[in-house]
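Engineer: For reference, the file structure_23.csv (CSV, C-alpha atoms and all ligand atoms) is included below:
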chain,number,residue,atom,x,y,z
A,85,MET,CA,32.1,2.6,-48.6
A,86,GLU,CA,31.8,1.4,-52.2
A,87,GLU,CA,34.5,-1.1,-53.0
A,88,GLY,CA,37.1,0.0,-55.6
A,89,LEU,CA,37.2,-1.4,-59.1
A,90,LEU,CA,39.9,-4.0,-60.0
A,91,VAL,CA,40.9,-3.4,-63.7
A,92,VAL,CA,43.0,-6.2,-65.2
A,93,ILE,CA,44.9,-5.2,-68.4
A,94,SER,CA,46.5,-8.1,-70.2
A,95,GLY,CA,47.4,-9.4,-73.6
A,96,PRO,CA,50.5,-10.6,-75.6
A,97,SER,CA,53.9,-9.2,-74.9
A,98,GLY,CA,54.5,-6.1,-77.0
A,99,ALA,CA,50.8,-5.3,-77.6
A,100,GLY,CA,51.3,-2.1,-75.7
A,101,LYS,CA,50.0,-2.9,-72.1
A,102,GLY,CA,52.7,-0.9,-70.4
A,103,THR,CA,52.4,2.1,-72.7
A,104,ILE,CA,48.6,2.2,-72.3
A,105,CYS,CA,48.7,1.8,-68.5
A,106,MET,CA,51.2,4.7,-68.2
A,107,GLN,CA,48.8,6.9,-70.3
A,108,LEU,CA,45.8,5.8,-68.3
A,109,LEU,CA,47.5,6.6,-65.0
A,110,MET,CA,48.3,10.1,-66.2
A,111,GLU,CA,44.8,10.7,-67.4
A,112,MET,CA,42.8,9.1,-64.6
A,113,SER,CA,44.6,10.2,-61.5
A,114,PHE,CA,42.3,8.2,-59.2
A,115,LEU,CA,43.7,4.9,-60.5
A,116,LYS,CA,46.5,3.2,-58.6
A,117,VAL,CA,48.7,0.5,-60.1
A,118,SER,CA,49.6,-2.5,-58.1
A,119,VAL,CA,53.3,-3.2,-57.7
A,120,SER,CA,54.1,-6.9,-58.4
A,121,ALA,CA,56.8,-9.1,-57.0
A,122,THR,CA,59.2,-10.7,-59.4
A,123,THR,CA,62.3,-12.9,-59.5
A,124,ARG,CA,63.5,-11.0,-62.6
A,125,LYS,CA,66.6,-8.9,-62.1
A,126,PRO,CA,66.0,-5.1,-62.3
A,127,ARG,CA,66.6,-3.5,-65.7
A,128,GLU,CA,68.6,-0.2,-65.8
A,129,GLY,CA,66.6,2.5,-64.2
A,130,GLU,CA,64.1,0.2,-62.5
A,131,LYS,CA,63.5,0.9,-58.8
A,132,ASP,CA,62.7,-1.7,-56.1
A,133,GLY,CA,59.2,-1.0,-54.7
A,134,ILE,CA,58.2,1.2,-57.6
A,135,ASP,CA,58.5,-0.9,-60.8
A,136,TYR,CA,58.5,-4.2,-58.9
A,137,PHE,CA,59.5,-5.7,-55.6
A,138,PHE,CA,62.6,-7.6,-56.8
A,139,ILE,CA,63.0,-10.8,-54.7
A,140,GLU,CA,64.9,-14.1,-54.9
A,141,GLU,CA,63.2,-17.2,-56.1
A,142,GLU,CA,63.3,-18.9,-52.7
A,143,GLU,CA,61.5,-15.9,-51.1
A,144,PHE,CA,59.0,-15.9,-54.0
A,145,LEU,CA,58.2,-19.6,-53.5
A,146,LYS,CA,57.8,-19.1,-49.8
A,147,ARG,CA,55.2,-16.4,-50.4
A,148,VAL,CA,53.4,-18.7,-52.9
A,149,LYS,CA,53.3,-21.3,-50.1
A,150,ASN,CA,51.9,-18.8,-47.7
A,151,ASN,CA,49.2,-17.9,-50.2
A,152,GLU,CA,50.3,-14.3,-50.3
A,153,PHE,CA,49.6,-13.8,-54.1
A,154,LEU,CA,46.2,-13.1,-55.7
A,155,GLU,CA,47.8,-14.7,-58.7
A,156,TYR,CA,51.2,-15.6,-59.9
A,157,ALA,CA,52.8,-17.1,-63.0
A,158,LYS,CA,56.2,-17.9,-64.6
A,159,VAL,CA,56.6,-15.6,-67.6
A,160,TYR,CA,59.5,-16.2,-69.9
A,161,GLY,CA,61.6,-17.9,-67.2
A,162,ASN,CA,60.9,-15.5,-64.2
A,163,TYR,CA,58.2,-15.5,-61.6
A,164,TYR,CA,55.7,-12.6,-61.2
A,165,GLY,CA,53.0,-12.3,-58.6
A,166,THR,CA,50.4,-9.8,-57.4
A,167,PRO,CA,50.5,-9.2,-53.6
A,168,LYS,CA,47.0,-10.1,-52.4
A,169,GLU,CA,46.8,-8.3,-49.1
A,170,GLU,CA,47.8,-4.9,-50.5
A,171,VAL,CA,45.3,-5.1,-53.4
A,172,PHE,CA,42.4,-6.1,-51.2
A,173,LYS,CA,43.2,-3.4,-48.6
A,174,GLN,CA,43.1,-0.7,-51.4
A,175,LEU,CA,39.9,-2.1,-52.9
A,176,LYS,CA,38.2,-2.1,-49.5
A,177,ALA,CA,39.3,1.5,-49.0
A,178,GLY,CA,37.5,2.3,-52.3
A,179,LYS,CA,40.6,2.7,-54.4
A,180,ASP,CA,40.4,1.6,-58.1
A,181,ILE,CA,43.4,-0.6,-58.9
A,182,ILE,CA,45.0,-1.6,-62.2
A,183,LEU,CA,46.9,-4.9,-62.7
A,184,GLU,CA,49.1,-5.1,-65.7
A,185,ILE,CA,49.7,-8.8,-65.9
A,186,ASP,CA,50.1,-11.7,-68.3
A,187,ILE,CA,47.3,-13.9,-69.5
A,188,GLN,CA,47.9,-16.9,-67.2
A,189,GLY,CA,47.7,-14.5,-64.2
A,190,ALA,CA,44.6,-12.7,-65.5
A,191,LEU,CA,42.7,-15.9,-65.8
A,192,GLN,CA,43.6,-16.8,-62.2
A,193,VAL,CA,42.3,-13.4,-61.0
A,194,LYS,CA,39.1,-14.0,-63.0
A,195,LYS,CA,38.6,-17.2,-61.0
A,196,ASN,CA,39.5,-15.7,-57.6
A,197,TYR,CA,37.9,-12.3,-58.1
A,198,PRO,CA,35.2,-12.3,-60.8
A,199,MET,CA,34.1,-8.8,-59.9
A,200,GLY,CA,37.2,-7.5,-61.7
A,201,VAL,CA,37.1,-6.0,-65.2
A,202,PHE,CA,39.1,-7.9,-67.7
A,203,ILE,CA,40.5,-6.1,-70.7
A,204,PHE,CA,42.6,-7.8,-73.4
A,205,ILE,CA,44.9,-5.6,-75.4
A,206,LEU,CA,45.0,-6.8,-79.0
A,207,PRO,CA,47.8,-5.7,-81.5
A,208,PRO,CA,46.4,-4.6,-84.9
A,209,SER,CA,48.3,-7.5,-86.5
A,210,LEU,CA,51.0,-10.0,-85.7
A,211,THR,CA,53.3,-8.3,-88.1
A,212,GLU,CA,52.9,-5.0,-86.2
A,213,LEU,CA,53.4,-6.9,-82.9
A,214,LYS,CA,56.8,-8.2,-84.2
A,215,ASN,CA,57.7,-4.6,-85.3
A,216,ARG,CA,56.9,-3.3,-81.8
A,217,ILE,CA,58.8,-6.0,-79.9
A,218,GLU,CA,61.8,-5.4,-82.2
A,219,GLY,CA,61.5,-1.7,-82.0
A,220,ARG,CA,61.4,-1.8,-78.2
A,221,GLY,CA,64.9,-3.1,-78.3
A,222,THR,CA,64.8,-5.1,-75.0
A,223,ASP,CA,64.7,-8.7,-76.4
A,224,SER,CA,67.1,-11.0,-78.2
A,225,LYS,CA,66.2,-12.7,-81.5
A,226,GLU,CA,65.4,-16.0,-79.7
A,227,VAL,CA,63.2,-14.2,-77.1
A,228,ILE,CA,61.3,-12.4,-79.9
A,229,LEU,CA,60.7,-15.6,-81.7
A,230,ARG,CA,59.4,-17.2,-78.5
A,231,ARG,CA,57.1,-14.2,-77.8
A,232,MET,CA,55.7,-14.3,-81.3
A,233,GLU,CA,54.9,-18.1,-81.0
A,234,SER,CA,53.2,-17.5,-77.7
A,235,ALA,CA,51.3,-14.5,-79.1
A,236,TYR,CA,49.7,-16.6,-81.8
A,237,ASP,CA,48.3,-19.1,-79.2
A,238,GLU,CA,47.4,-16.4,-76.6
A,239,LEU,CA,44.9,-14.8,-79.0
A,240,ASN,CA,42.6,-17.7,-78.2
A,241,TYR,CA,42.2,-16.5,-74.7
A,242,ALA,CA,40.8,-13.1,-75.8
A,243,PHE,CA,37.3,-14.6,-75.7
A,244,GLN,CA,37.5,-15.2,-71.9
A,245,TYR,CA,37.9,-11.4,-71.2
A,246,ASP,CA,35.1,-8.8,-70.8
A,247,TYR,CA,36.6,-6.5,-73.4
A,248,VAL,CA,39.0,-6.6,-76.3
A,249,VAL,CA,40.7,-3.3,-77.2
A,250,VAL,CA,42.8,-3.0,-80.3
A,251,ASN,CA,45.9,-0.9,-79.7
A,252,ASP,CA,46.3,0.7,-83.1
A,253,ARG,CA,46.8,4.1,-81.7
A,254,VAL,CA,47.7,4.6,-78.1
A,255,ASP,CA,45.4,7.6,-77.6
A,256,ILE,CA,42.4,5.9,-79.1
A,257,ALA,CA,42.9,2.7,-77.1
A,258,THR,CA,43.4,4.6,-73.9
A,259,GLU,CA,40.2,6.6,-74.5
A,260,LYS,CA,38.3,3.4,-75.0
A,261,ILE,CA,39.6,2.0,-71.7
A,262,LYS,CA,38.7,5.2,-69.9
A,263,HIS,CA,35.1,4.8,-71.1
A,264,ILE,CA,35.0,1.1,-70.1
A,265,ILE,CA,36.3,2.0,-66.6
A,266,LEU,CA,33.7,4.8,-66.1
A,267,ALA,CA,30.9,2.6,-67.3
A,268,GLU,CA,32.0,-0.3,-65.1
A,269,LYS,CA,32.1,2.0,-62.0
A,270,ASN,CA,28.4,2.7,-62.6
A,271,ARG,CA,27.2,-0.9,-62.9
A,272,ALA,CA,24.1,-1.5,-60.8
A,273,ILE,CA,25.8,-4.4,-59.0
A,274,ARG,CA,28.4,-1.9,-57.6
A,275,LYS,CA,25.8,0.6,-56.5
A,276,LYS,CA,24.0,-1.3,-53.7
A,277,GLU,CA,25.4,1.1,-51.0
A,278,ILE,CA,24.3,4.3,-52.7
A,279,ILE,CA,20.9,2.9,-53.6
A,280,ASN,CA,20.3,2.0,-49.9
A,281,LYS,CA,21.5,5.4,-48.8
A,282,VAL,CA,19.2,7.2,-51.1
A,283,ARG,CA,16.3,5.1,-49.9
A,284,GLU,CA,16.9,6.4,-46.4
A,285,MET,CA,17.0,10.1,-47.3
B,301,LIG,P1,53.7,-4.6,-73.4
B,301,LIG,O1,53.7,-3.9,-72.1
B,301,LIG,O2,52.4,-5.1,-73.8
B,301,LIG,O3,54.8,-5.7,-73.5
B,301,LIG,P2,54.8,-2.1,-74.5
B,301,LIG,O4,53.9,-1.1,-73.9
B,301,LIG,O5,56.2,-2.3,-73.9
B,301,LIG,O6,54.1,-3.5,-74.6
B,301,LIG,O7,54.9,-1.7,-76.0
B,301,LIG,C1,55.8,-2.4,-76.9
B,301,LIG,C2,56.5,-1.4,-77.9
B,301,LIG,O8,55.5,-0.9,-78.8
B,301,LIG,C3,57.0,-0.2,-77.2
B,301,LIG,O9,58.2,0.2,-77.8
B,301,LIG,C4,55.9,0.9,-77.3
B,301,LIG,O10,56.5,2.2,-77.4
B,301,LIG,C5,55.3,0.5,-78.7
B,301,LIG,N1,53.9,0.8,-78.8
B,301,LIG,C6,52.9,0.6,-77.9
B,301,LIG,N2,51.7,1.0,-78.4
B,301,LIG,C7,52.0,1.4,-79.7
B,301,LIG,C8,51.1,1.9,-80.7
B,301,LIG,N3,49.8,2.0,-80.6
B,301,LIG,N4,51.7,2.2,-81.9
B,301,LIG,C9,53.0,2.1,-82.1
B,301,LIG,N5,53.9,1.7,-81.1
B,301,LIG,C10,53.4,1.3,-80.0
B,302,LIG,P1,58.5,-7.4,-67.8
B,302,LIG,O1,59.5,-8.4,-67.3
B,302,LIG,O2,58.7,-7.0,-69.2
B,302,LIG,O3,58.3,-6.2,-66.8
B,302,LIG,O4,57.1,-8.2,-67.7
B,302,LIG,C1,57.0,-9.4,-68.4
B,302,LIG,C2,55.5,-9.8,-68.4
B,302,LIG,O5,55.1,-10.1,-67.1
B,302,LIG,C3,54.5,-8.8,-68.9
B,302,LIG,O6,53.6,-9.5,-69.8
B,302,LIG,C4,53.8,-8.4,-67.7
B,302,LIG,O7,52.4,-8.0,-68.0
B,302,LIG,C5,53.8,-9.6,-66.8
B,302,LIG,N1,53.6,-9.3,-65.4
B,302,LIG,C6,54.1,-8.3,-64.7
B,302,LIG,N2,53.7,-8.4,-63.4
B,302,LIG,C7,53.0,-9.5,-63.3
B,302,LIG,C8,52.3,-10.2,-62.2
B,302,LIG,O8,52.2,-9.7,-61.1
B,302,LIG,N3,51.6,-11.3,-62.5
B,302,LIG,C9,51.6,-11.9,-63.8
B,302,LIG,N4,51.0,-13.0,-64.0
B,302,LIG,N5,52.3,-11.3,-64.8
B,302,LIG,C10,52.9,-10.1,-64.6
Reformat the file's structure so that it appears as structure tokens.
Ligand code: ADP
Ligand code: 5GP
Structural biologist:
Amino acid sequence: MEEGLLVVISGPSGAGKGTICMQLLMEMSFLKVSVSATTRKPREGEKDGIDYFFIEEEEFLKRVKNNEFLEYAKVYGNYYGTPKEEVFKQLKAGKDIILEIDIQGALQVKKNYPMGVFIFILPPSLTELKNRIEGRGTDSKEVILRRMESAYDELNYAFQYDYVVVNDRVDIATEKIKHIILAEKNRAIRKKEIINKVREM
């Protein structure tokens, strides 16, 4: 069976990763999102095992030691990590998986699994990024300031990705990512199995 595609969506906080991923999952029903583990406390309405696996720091560090994460990072004071076994199991079963993770994590995945497709979501401007973070209403003034400072530096990493998609309008950005995913699924390097099969027919 053809191995699934690992799509890594990342970029600065507030760029619209979550919004775009939700749209993508609605429009491309074959995509599955990987559920990360985190030491962050659940926000209102978040469910364990659906939004995240909410675990204590001691347990998280134990899993790091056991090499259970494909990548992990400390993001604004909390640990986040992608469970390795589950992701590889799904990819082997031919499922296409989305990871919505921060930039430190995306660069680790690129090192450990270069066959992935790495997409950087760019806000149309830093001013618009600030408006979006403020508009989301989930962060204090200090946190917003910290996220804006990080965003400025994080833009340097965009060049290490395969694609940069500007999130000016959600529908247009989502459409672009859909095209990227469809094109990537047809790359010659991912088609060895079907080529060999056709040869035998
Ligand atoms: P991230 O997951 O990258 O931190 P979110 O998806 O939470 O970002 O988006 C941050 C805020 O910006 C949310 O309130 C979201 O509704 C809004 N937003 C996302 N994309 C757009 C867009 N293209 N235009 C206007 N607002 C947007
Ligand atoms: P939030 O706490 O708002 O859900 O997420 C905060 C940040 O952590 C976001 O930028 C999100 O992309 C990132 N994140 C979520 N899960 C993971 C993960 O498994 N690994 C890494 N490296 N970052 C993650």
Engineer: Might you pull out every residue within 6 Å of Gly178 in chain A, with all atoms listed in the file counted and same-chain residues fewer than 2 positions away left off, and present them as number ranges by chain?
Structural biologist: A: 86-88, 175-176
Engineer: Residues within 10 Å of ligand LIG 301 (chain B) should be enumerated using only C-alpha atoms and all ligand atoms and returned as a VMD selection string.
Structural biologist: chain A and resid 93 to 106 184 to 186 205 to 208 212 to 222 231 250 to 258
Engineer: Which of these residues is nearest to Ile181 in chain A, using all atoms listed in the file: A:Ala121, A:Leu108, A:Phe138, A:Arg230?
Structural biologist: A:Leu108
Engineer: Please identify the residues whose atoms come within 9 Å of ligand LIG 302 (chain B), using only C-alpha atoms and all ligand atoms, and report them as a ChimeraX atom specification.
Structural biologist: /A:93-98,101-102,118-122,124-127,135-136,153-160,162-167,183-192,222
Engineer: Please compute the CA of Pro198 in chain A-CA of Met110 in chain A distance, one decimal, in Å.
Structural biologist: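 One can read the CA of Pro198 in chain A to CA of Met110 in chain A distance as 26.5 Å.
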Engineer: Can you work out the spacing between CA of Lys116 in chain A and CA of Gln174 in chain A in Å, to one decimal?
Structural biologist: 8.9 Å
Engineer: Between CA of Lys131 in chain A and CA of Tyr197 in chain A, what distance in Å does the model show, to one decimal?
Structural biologist: 28.8 Å
Engineer: Hey, can I get the axis-aligned box for range 118-121 of chain A? All listed atoms, 4 Å padding on each side, centre and edge lengths in Å to one decimal, as JSON.
Structural biologist:
{"center_x": 53.2, "center_y": -5.8, "center_z": -57.7, "size_x": 15.2, "size_y": 14.6, "size_z": 9.4}
Engineer: Looking at all atoms listed in the file, which of A:Ile182, A:Met85, A:Tyr241, A:Glu140 is the one that sits closest to Lys276 in chain A?
Structural biologist: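 Ranked by minimum distance to Lys276 in chain A, first place goes to A:Met85.
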Engineer: Using only C-alpha atoms, pick whichever of A:Val148, A:Val201, A:Met112, A:Ala177 has the shortest atom-to-atom distance to Lys269 in chain A.
Structural biologist: A:Val201
Engineer: With a distance cut-off of 6 Å and all atoms listed in the file, select the neighbouring residues of Asp180 in chain A, excluding the residue or stretch itself and same-chain residues fewer than 6 positions from it, and output the selection as a list in words.
Structural biologist: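 Here the qualifying residues turn out to be Gly88, Leu89, Leu90 and Leu115 of chain A.
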Engineer: Counting all atoms listed in the file, figure out which residue out of A:Glu111, A:Ile278, A:Ile265, A:Phe204 gets nearest to Asn240 in chain A.
Structural biologist: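 Answer, going by the shortest atom-to-atom distance: A:Phe204.
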Engineer: Quick one: of A:Ile139, A:Val282, A:Glu238, A:Glu277, who's nearest to Leu210 in chain A, counting all atoms listed in the file?
Structural biologist: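 Distance minimum relative to Leu210 in chain A lands on A:Glu238.
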Engineer: Hey, which of A:Ile228, A:Leu239, A:Val91, A:Leu109 ends up closest to Val193 in chain A? Count only C-alpha atoms.
Structural biologist: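 Ranking A:Ile228, A:Leu239, A:Val91, A:Leu109 by distance to Val193 in chain A, first place goes to A:Val91.
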Engineer: Kindly complete range 90-114 of chain A to N, CA and C atoms; the output should be written as a PDB file, in the coordinates of the input.
Structural biologist:
ATOM      1  N   LEU A  90      38.642  -3.332 -59.645  1.00  0.00           N
ATOM      2  CA  LEU A  90      39.900  -4.000 -60.000  1.00  0.00           C
ATOM      3  C   LEU A  90      39.924  -4.129 -61.535  1.00  0.00           C
ATOM      4  N   VAL A  91      40.846  -3.410 -62.190  1.00  0.00           N
ATOM      5  CA  VAL A  91      40.900  -3.400 -63.700  1.00  0.00           C
ATOM      6  C   VAL A  91      42.149  -4.249 -64.056  1.00  0.00           C
ATOM      7  N   VAL A  92      41.926  -5.319 -64.802  1.00  0.00           N
ATOM      8  CA  VAL A  92      43.000  -6.200 -65.200  1.00  0.00           C
ATOM      9  C   VAL A  92      43.310  -5.957 -66.688  1.00  0.00           C
ATOM     10  N   ILE A  93      44.531  -5.462 -66.970  1.00  0.00           N
ATOM     11  CA  ILE A  93      44.900  -5.200 -68.400  1.00  0.00           C
ATOM     12  C   ILE A  93      45.930  -6.269 -68.739  1.00  0.00           C
ATOM     13  N   SER A  94      45.614  -7.004 -69.797  1.00  0.00           N
ATOM     14  CA  SER A  94      46.500  -8.100 -70.200  1.00  0.00           C
ATOM     15  C   SER A  94      46.490  -8.297 -71.680  1.00  0.00           C
ATOM     16  N   GLY A  95      47.319  -9.208 -72.161  1.00  0.00           N
ATOM     17  CA  GLY A  95      47.400  -9.400 -73.600  1.00  0.00           C
ATOM     18  C   GLY A  95      48.857  -9.843 -73.930  1.00  0.00           C
ATOM     19  N   PRO A  96      49.151 -10.114 -75.190  1.00  0.00           N
ATOM     20  CA  PRO A  96      50.500 -10.600 -75.600  1.00  0.00           C
ATOM     21  C   PRO A  96      51.585  -9.559 -75.279  1.00  0.00           C
ATOM     22  N   SER A  97      52.784 -10.044 -75.064  1.00  0.00           N
ATOM     23  CA  SER A  97      53.900  -9.200 -74.900  1.00  0.00           C
ATOM     24  C   SER A  97      54.123  -8.303 -76.098  1.00  0.00           C
ATOM     25  N   GLY A  98      54.289  -7.010 -75.903  1.00  0.00           N
ATOM     26  CA  GLY A  98      54.500  -6.100 -77.000  1.00  0.00           C
ATOM     27  C   GLY A  98      53.249  -5.463 -77.563  1.00  0.00           C
ATOM     28  N   ALA A  99      52.080  -5.890 -77.043  1.00  0.00           N
ATOM     29  CA  ALA A  99      50.800  -5.300 -77.600  1.00  0.00           C
ATOM     30  C   ALA A  99      50.637  -3.871 -77.156  1.00  0.00           C
ATOM     31  N   GLY A 100      51.343  -3.466 -76.090  1.00  0.00           N
ATOM     32  CA  GLY A 100      51.300  -2.100 -75.700  1.00  0.00           C
ATOM     33  C   GLY A 100      50.627  -1.872 -74.299  1.00  0.00           C
ATOM     34  N   LYS A 101      50.591  -2.932 -73.481  1.00  0.00           N
ATOM     35  CA  LYS A 101      50.000  -2.900 -72.100  1.00  0.00           C
ATOM     36  C   LYS A 101      50.625  -1.778 -71.287  1.00  0.00           C
ATOM     37  N   GLY A 102      51.947  -1.826 -71.243  1.00  0.00           N
ATOM     38  CA  GLY A 102      52.700  -0.900 -70.400  1.00  0.00           C
ATOM     39  C   GLY A 102      52.472   0.545 -70.844  1.00  0.00           C
ATOM     40  N   THR A 103      52.532   0.748 -72.152  1.00  0.00           N
ATOM     41  CA  THR A 103      52.400   2.100 -72.700  1.00  0.00           C
ATOM     42  C   THR A 103      50.973   2.632 -72.386  1.00  0.00           C
ATOM     43  N   ILE A 104      49.965   1.808 -72.586  1.00  0.00           N
ATOM     44  CA  ILE A 104      48.600   2.200 -72.300  1.00  0.00           C
ATOM     45  C   ILE A 104      48.364   2.497 -70.841  1.00  0.00           C
ATOM     46  N   CYS A 105      48.910   1.620 -69.997  1.00  0.00           N
ATOM     47  CA  CYS A 105      48.700   1.800 -68.500  1.00  0.00           C
ATOM     48  C   CYS A 105      49.331   3.119 -68.079  1.00  0.00           C
ATOM     49  N   MET A 106      50.499   3.443 -68.617  1.00  0.00           N
ATOM     50  CA  MET A 106      51.200   4.700 -68.200  1.00  0.00           C
ATOM     51  C   MET A 106      50.264   5.887 -68.601  1.00  0.00           C
ATOM     52  N   GLN A 107      49.699   5.819 -69.804  1.00  0.00           N
ATOM     53  CA  GLN A 107      48.800   6.900 -70.300  1.00  0.00           C
ATOM     54  C   GLN A 107      47.561   7.001 -69.409  1.00  0.00           C
ATOM     55  N   LEU A 108      47.003   5.816 -69.089  1.00  0.00           N
ATOM     56  CA  LEU A 108      45.800   5.800 -68.300  1.00  0.00           C
ATOM     57  C   LEU A 108      46.042   6.409 -66.892  1.00  0.00           C
ATOM     58  N   LEU A 109      47.194   6.063 -66.300  1.00  0.00           N
ATOM     59  CA  LEU A 109      47.500   6.600 -65.000  1.00  0.00           C
ATOM     60  C   LEU A 109      47.673   8.092 -64.978  1.00  0.00           C
ATOM     61  N   MET A 110      48.143   8.617 -66.128  1.00  0.00           N
ATOM     62  CA  MET A 110      48.300  10.100 -66.200  1.00  0.00           C
ATOM     63  C   MET A 110      46.928  10.744 -66.373  1.00  0.00           C
ATOM     64  N   GLU A 111      46.040  10.065 -67.111  1.00  0.00           N
ATOM     65  CA  GLU A 111      44.800  10.700 -67.400  1.00  0.00           C
ATOM     66  C   GLU A 111      43.670  10.444 -66.383  1.00  0.00           C
ATOM     67  N   MET A 112      43.801   9.358 -65.627  1.00  0.00           N
ATOM     68  CA  MET A 112      42.800   9.100 -64.600  1.00  0.00           C
ATOM     69  C   MET A 112      43.558   8.978 -63.262  1.00  0.00           C
ATOM     70  N   SER A 113      43.716  10.140 -62.610  1.00  0.00           N
ATOM     71  CA  SER A 113      44.600  10.200 -61.500  1.00  0.00           C
ATOM     72  C   SER A 113      44.106   9.401 -60.268  1.00  0.00           C
ATOM     73  N   PHE A 114      42.823   9.003 -60.303  1.00  0.00           N
ATOM     74  CA  PHE A 114      42.300   8.200 -59.200  1.00  0.00           C
ATOM     75  C   PHE A 114      42.725   6.753 -59.253  1.00  0.00           C
TER      76      PHE A 114
END
